[in-house]
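Student: Handing you this structure, nothing more for now.
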Amino acid sequence: MNRKKSFWSLIVLLVLIGATLYYLFRNNDMKDLLGVVEQTNPLYLLLGLVLMFVFVASEGMGIQVLLWSLKYRDSFWKCLKYSFLGFYYCSIMPASGGQPIQIYYMSKEGISPGDAALAILIITIAYQIGILFICLAMLLFRLRFLMENLGVVKYFAIFGAAVNAVGIFLYLSAALHSGFVEKIIAFFVRLLAKIRIVREPEKTMEKVDAQLANFCKAAAYVRGNPKVIFLTLISIVIQVLSRLSVAYAVYRAFGLSGFGFLDILALQAFLALGVEYMPIPGTVGVAEAGFIAANSRIFGADRLVAATLLTRGINYYAYLLLSGAVAVAEQLSLTFRGRKKKD
């Protein structure tokens, strides 16, 4: 595990959090914000925290289903730990930097790196399919509402949808026609090597070949285990829905009722689609700005900043701290076990 990279990612994250808090508080009085927050119903805020636990637990359930099908009898609590670790490292590292570390911890529990990579790859693809499916459903039921309220966020959502769709297409192409995809990638690697962007094309292609082999293995697994894949998809759809629903819990915490659940879900789904593919740790800053842009009509100007703080506080910062505690405990446990073996 690259501790140096994790350390600097955490430093960047803390800087982004500081800049975001400055942006949110610069034109707002702290006493006024606290006054707005004090008016909320704590039971709905508690519901938001429960929804986030469902978010983490649903991924843990999906991991357990996959591992059991691969003949590993890991308990739900151990798989929940893998999910917390994934949340933490994906939150502090840009893009998908957390998945390799998740695989690292799984391998320390006796799961072969190949099987761990297979499980995490399927979870990752299922998540992309899940959020895209929910967004498509919201387009069918709330298209006009979305166009009226998304504002600038819709352009980021279009970008996210394109990245998501291309990613899924590449996954499927690599899994079903790996030779063709390898030729295309090799062409671009040679091209980038000529202009000195890629300095070690041979090593790059070795990594590509290894990843293509993982895709082929995943495709073979999917074809041979349709029931397992279906159960995994269900758990991941629940995962996505639970996190997107946190904003509705915050909305009800303010005692508001003018907009329905699907209205708020639709906005959060497209906001997530637009910001989750930004190469920024935890999408900090972008997510808060996007929430303000997309939800101004929902919460109103007097509650908007407080709603942003509460929603992001529940669906990101609170579980960042909790998952960080799990990561620290796990690392200490690994260190202790390593010393015990030496003794």
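Letters for chains follow the order of the structure tokens (A, B, ...), residue numbers begin at 1 for each chain, and ligand numbers begin at 1 in the order shown.
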What lies within 7 Å of stretch 46-62 of chain A using only C-alpha atoms, ignoring chain neighbours under 4 positions off, as a list in words?

Tutor: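 Returned residues: Pro42, Leu66, Phe76, Cys79, Leu80, Tyr82, Ser83, Phe84, Thr232, Ser235, Ile236, Ile238, Gln239, Val240, Ser242, Arg243, Val246, Ala249, Ile314 and Asn315 of chain A.
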
Student: Which of stretch 129-302 of chain A counts as alpha helix (DSSP H) under DSSP, as an MDAnalysis selection string please?

Tutor: chainID A and resid 129:149 153:176 178:194 201:224 226:244 246:253 261:275 286:299

Student: With a distance cut-off of 12 Å and only C-alpha atoms, select the neighbouring residues of A:Tyr221, excluding the residue or stretch itself and same-chain residues fewer than 3 positions from it, and output the selection as a list of chain:residue names.

Tutor: A:Leu66, A:Ser69, A:Leu70, A:Asp115, A:Leu118, A:Ala119, A:Leu121, A:Ile122, A:Ala175, A:Asn214, A:Phe215, A:Cys216, A:Lys217, A:Ala218, A:Gly224, A:Asn225, A:Pro226, A:Lys227, A:Val228, A:Ile229

Student: Can you write just those residues out, C-alpha atoms, as a tab-separated table (two decimals), in the first residue's frame?

Tutor:
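As written to disk, again34.tsv reads:
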chain	number	residue	atom	x	y	z
A	66	LEU	CA	-19.52	-12.25	-4.61
A	69	SER	CA	-19.79	-17.43	-4.73
A	70	LEU	CA	-15.97	-17.60	-4.95
A	115	ASP	CA	-10.44	-12.89	-6.61
A	118	LEU	CA	-12.64	-9.56	-9.54
A	119	ALA	CA	-15.11	-8.77	-6.74
A	121	LEU	CA	-14.25	-4.76	-10.38
A	122	ILE	CA	-17.79	-6.17	-10.50
A	175	ALA	CA	-14.41	-8.42	-21.68
A	214	ASN	CA	-9.28	-9.20	-15.33
A	215	PHE	CA	-12.09	-8.05	-17.61
A	216	CYS	CA	-12.13	-11.41	-19.41
A	217	LYS	CA	-12.22	-13.21	-16.07
A	218	ALA	CA	-15.07	-10.96	-14.93
A	224	GLY	CA	-21.53	-18.38	-15.21
A	225	ASN	CA	-23.19	-16.69	-12.21
A	226	PRO	CA	-26.27	-14.73	-13.35
A	227	LYS	CA	-28.10	-15.07	-10.01
A	228	VAL	CA	-25.09	-13.76	-8.09
A	229	ILE	CA	-24.78	-10.81	-10.47

Student: Tell me which protein, DNA and RNA residues are within 12 Å of A:Phe156, counting only C-alpha atoms, leaving out same-chain ones fewer than 3 positions away, and put them as a PyMOL selection string.

Tutor: chain A and resi 150-153+159-163+270-278+286-287+289-290+293-294

Student: The selected residues should be written to file as a short mmCIF file (atom, residue, chain, number, x, y, z; two decimals), in the first residue's frame (atoms: all heavy atoms).

Tutor:
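Contents of the output file again_27.cif:
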data_model
loop_
_atom_site.label_atom_id
_atom_site.label_comp_id
_atom_site.auth_asym_id
_atom_site.auth_seq_id
_atom_site.Cartn_x
_atom_site.Cartn_y
_atom_site.Cartn_z
N LEU A 150 -31.85 21.98 -12.80
CA LEU A 150 -30.44 21.58 -12.74
C LEU A 150 -29.49 22.73 -13.00
O LEU A 150 -28.38 22.78 -12.45
CB LEU A 150 -30.17 20.44 -13.73
CG LEU A 150 -30.50 19.03 -13.26
CD1 LEU A 150 -30.23 18.03 -14.38
CD2 LEU A 150 -29.70 18.66 -12.02
N GLY A 151 -29.88 23.65 -13.86
CA GLY A 151 -28.99 24.76 -14.18
C GLY A 151 -27.69 24.27 -14.81
O GLY A 151 -27.69 23.37 -15.65
N VAL A 152 -26.57 24.85 -14.39
CA VAL A 152 -25.27 24.50 -14.96
C VAL A 152 -24.89 23.06 -14.67
O VAL A 152 -24.06 22.47 -15.39
CB VAL A 152 -24.19 25.47 -14.42
CG1 VAL A 152 -23.92 25.21 -12.94
CG2 VAL A 152 -22.91 25.35 -15.22
N VAL A 153 -25.51 22.47 -13.65
CA VAL A 153 -25.18 21.08 -13.27
C VAL A 153 -25.49 20.12 -14.41
O VAL A 153 -24.84 19.08 -14.55
CB VAL A 153 -25.94 20.68 -11.99
CG1 VAL A 153 -25.76 19.19 -11.68
CG2 VAL A 153 -25.46 21.51 -10.81
N PHE A 159 -21.50 15.38 -19.11
CA PHE A 159 -20.12 14.90 -19.12
C PHE A 159 -20.01 13.59 -18.35
O PHE A 159 -19.38 12.62 -18.81
CB PHE A 159 -19.20 15.96 -18.50
CG PHE A 159 -17.81 15.46 -18.20
CD1 PHE A 159 -16.87 15.32 -19.21
CD2 PHE A 159 -17.44 15.13 -16.90
CE1 PHE A 159 -15.59 14.85 -18.94
CE2 PHE A 159 -16.17 14.66 -16.61
CZ PHE A 159 -15.24 14.53 -17.63
N GLY A 160 -20.61 13.54 -17.15
CA GLY A 160 -20.57 12.33 -16.34
C GLY A 160 -21.23 11.16 -17.02
O GLY A 160 -20.75 10.02 -16.96
N ALA A 161 -22.37 11.43 -17.68
CA ALA A 161 -23.08 10.36 -18.39
C ALA A 161 -22.23 9.81 -19.53
O ALA A 161 -22.18 8.60 -19.76
CB ALA A 161 -24.41 10.88 -18.94
N ALA A 162 -21.53 10.71 -20.22
CA ALA A 162 -20.66 10.29 -21.32
C ALA A 162 -19.52 9.43 -20.80
O ALA A 162 -19.21 8.37 -21.36
CB ALA A 162 -20.13 11.50 -22.07
N VAL A 163 -18.87 9.88 -19.71
CA VAL A 163 -17.77 9.12 -19.12
C VAL A 163 -18.27 7.76 -18.64
O VAL A 163 -17.62 6.73 -18.87
CB VAL A 163 -17.14 9.90 -17.95
CG1 VAL A 163 -16.13 9.03 -17.19
CG2 VAL A 163 -16.47 11.16 -18.46
N PHE A 270 -28.59 13.27 -10.74
CA PHE A 270 -27.85 13.93 -11.81
C PHE A 270 -26.68 14.75 -11.26
O PHE A 270 -25.65 14.90 -11.94
CB PHE A 270 -28.79 14.80 -12.64
CG PHE A 270 -29.49 14.01 -13.70
CD1 PHE A 270 -30.65 13.32 -13.41
CD2 PHE A 270 -28.97 13.92 -14.98
CE1 PHE A 270 -31.29 12.56 -14.38
CE2 PHE A 270 -29.60 13.17 -15.96
CZ PHE A 270 -30.76 12.48 -15.66
N LEU A 271 -26.82 15.25 -10.04
CA LEU A 271 -25.69 15.92 -9.40
C LEU A 271 -24.56 14.92 -9.17
O LEU A 271 -23.39 15.20 -9.46
CB LEU A 271 -26.13 16.54 -8.07
CG LEU A 271 -25.03 17.17 -7.22
CD1 LEU A 271 -24.34 18.30 -7.98
CD2 LEU A 271 -25.61 17.69 -5.90
N ALA A 272 -24.90 13.74 -8.65
CA ALA A 272 -23.89 12.70 -8.43
C ALA A 272 -23.24 12.29 -9.74
O ALA A 272 -22.01 12.12 -9.82
CB ALA A 272 -24.53 11.49 -7.75
N LEU A 273 -24.05 12.13 -10.78
CA LEU A 273 -23.52 11.74 -12.09
C LEU A 273 -22.54 12.79 -12.61
O LEU A 273 -21.54 12.47 -13.25
CB LEU A 273 -24.67 11.56 -13.08
CG LEU A 273 -24.32 11.01 -14.47
CD1 LEU A 273 -23.78 9.59 -14.37
CD2 LEU A 273 -25.55 11.05 -15.37
N GLY A 274 -22.82 14.05 -12.29
CA GLY A 274 -21.99 15.13 -12.80
C GLY A 274 -20.68 15.33 -12.05
O GLY A 274 -19.70 15.76 -12.65
N VAL A 275 -20.66 15.00 -10.74
CA VAL A 275 -19.47 15.34 -9.96
C VAL A 275 -18.61 14.13 -9.59
O VAL A 275 -17.42 14.29 -9.29
CB VAL A 275 -19.84 16.09 -8.66
CG1 VAL A 275 -20.65 17.34 -8.99
CG2 VAL A 275 -20.59 15.20 -7.68
N GLU A 276 -19.17 12.93 -9.61
CA GLU A 276 -18.43 11.77 -9.11
C GLU A 276 -17.25 11.37 -9.98
O GLU A 276 -16.39 10.61 -9.54
CB GLU A 276 -19.36 10.58 -8.90
CG GLU A 276 -20.25 10.75 -7.68
CD GLU A 276 -20.95 9.47 -7.28
OE1 GLU A 276 -20.82 8.45 -8.00
OE2 GLU A 276 -21.65 9.49 -6.26
N TYR A 277 -17.21 11.85 -11.21
CA TYR A 277 -16.10 11.49 -12.10
C TYR A 277 -15.05 12.59 -12.18
O TYR A 277 -14.13 12.51 -12.99
CB TYR A 277 -16.63 11.13 -13.49
CG TYR A 277 -17.52 9.92 -13.44
CD1 TYR A 277 -18.90 10.05 -13.38
CD2 TYR A 277 -16.98 8.63 -13.40
CE1 TYR A 277 -19.72 8.93 -13.31
CE2 TYR A 277 -17.79 7.52 -13.32
CZ TYR A 277 -19.16 7.67 -13.27
OH TYR A 277 -19.97 6.57 -13.18
N MET A 278 -15.21 13.61 -11.33
CA MET A 278 -14.18 14.65 -11.26
C MET A 278 -12.96 14.10 -10.50
O MET A 278 -13.13 13.47 -9.45
CB MET A 278 -14.72 15.88 -10.54
CG MET A 278 -15.89 16.54 -11.24
SD MET A 278 -15.36 17.28 -12.80
CE MET A 278 -16.94 17.79 -13.47
N VAL A 286 -16.57 20.78 -5.40
CA VAL A 286 -17.44 20.63 -6.58
C VAL A 286 -18.83 20.15 -6.14
O VAL A 286 -19.85 20.64 -6.63
CB VAL A 286 -16.82 19.65 -7.59
CG1 VAL A 286 -17.75 19.45 -8.78
CG2 VAL A 286 -15.48 20.15 -8.07
N ALA A 287 -18.86 19.17 -5.25
CA ALA A 287 -20.15 18.62 -4.78
C ALA A 287 -20.97 19.69 -4.06
O ALA A 287 -22.18 19.80 -4.26
CB ALA A 287 -19.92 17.42 -3.88
N ALA A 289 -20.70 23.04 -4.35
CA ALA A 289 -21.13 24.07 -5.31
C ALA A 289 -22.26 23.55 -6.19
O ALA A 289 -23.22 24.27 -6.48
CB ALA A 289 -19.94 24.49 -6.18
N GLY A 290 -22.15 22.28 -6.60
CA GLY A 290 -23.21 21.67 -7.40
C GLY A 290 -24.51 21.55 -6.63
O GLY A 290 -25.60 21.78 -7.19
N ALA A 293 -26.16 24.89 -6.61
CA ALA A 293 -26.71 25.23 -7.92
C ALA A 293 -27.99 24.47 -8.24
O ALA A 293 -28.93 25.02 -8.82
CB ALA A 293 -25.65 24.96 -9.00
N ALA A 294 -28.03 23.19 -7.85
CA ALA A 294 -29.17 22.34 -8.23
C ALA A 294 -30.34 22.43 -7.27
O ALA A 294 -31.49 22.14 -7.66
CB ALA A 294 -28.71 20.88 -8.34
#

Student: Quick one: of A:Gln331, A:Asn41, A:Ser75, A:Ser91, who's nearest to A:Ala318, counting only C-alpha atoms?

Tutor: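 Among the listed residues, the smallest separation from A:Ala318 belongs to A:Ser91.
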
Student: Interatomic distance between atom CA of A:Leu192 and atom CA of A:Gly167?

Tutor: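 According to the coordinates, atom CA of A:Leu192 and atom CA of A:Gly167 are separated by 20.5 Å.
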
Student: Rank nothing, just name the residue among A:Val37, A:Ile111, A:Leu170, A:Cys135 nearest to A:Trp68, using only C-alpha atoms.

Tutor: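 Of A:Val37, A:Ile111, A:Leu170, A:Cys135, the one nearest A:Trp68 is A:Ile111, counting only C-alpha atoms.
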
Student: So which one's closest to A:Asn295, A:Val65, A:Ile17, A:Ala193, A:Leu146? Using only C-alpha atoms, please.

Tutor: A:Leu146
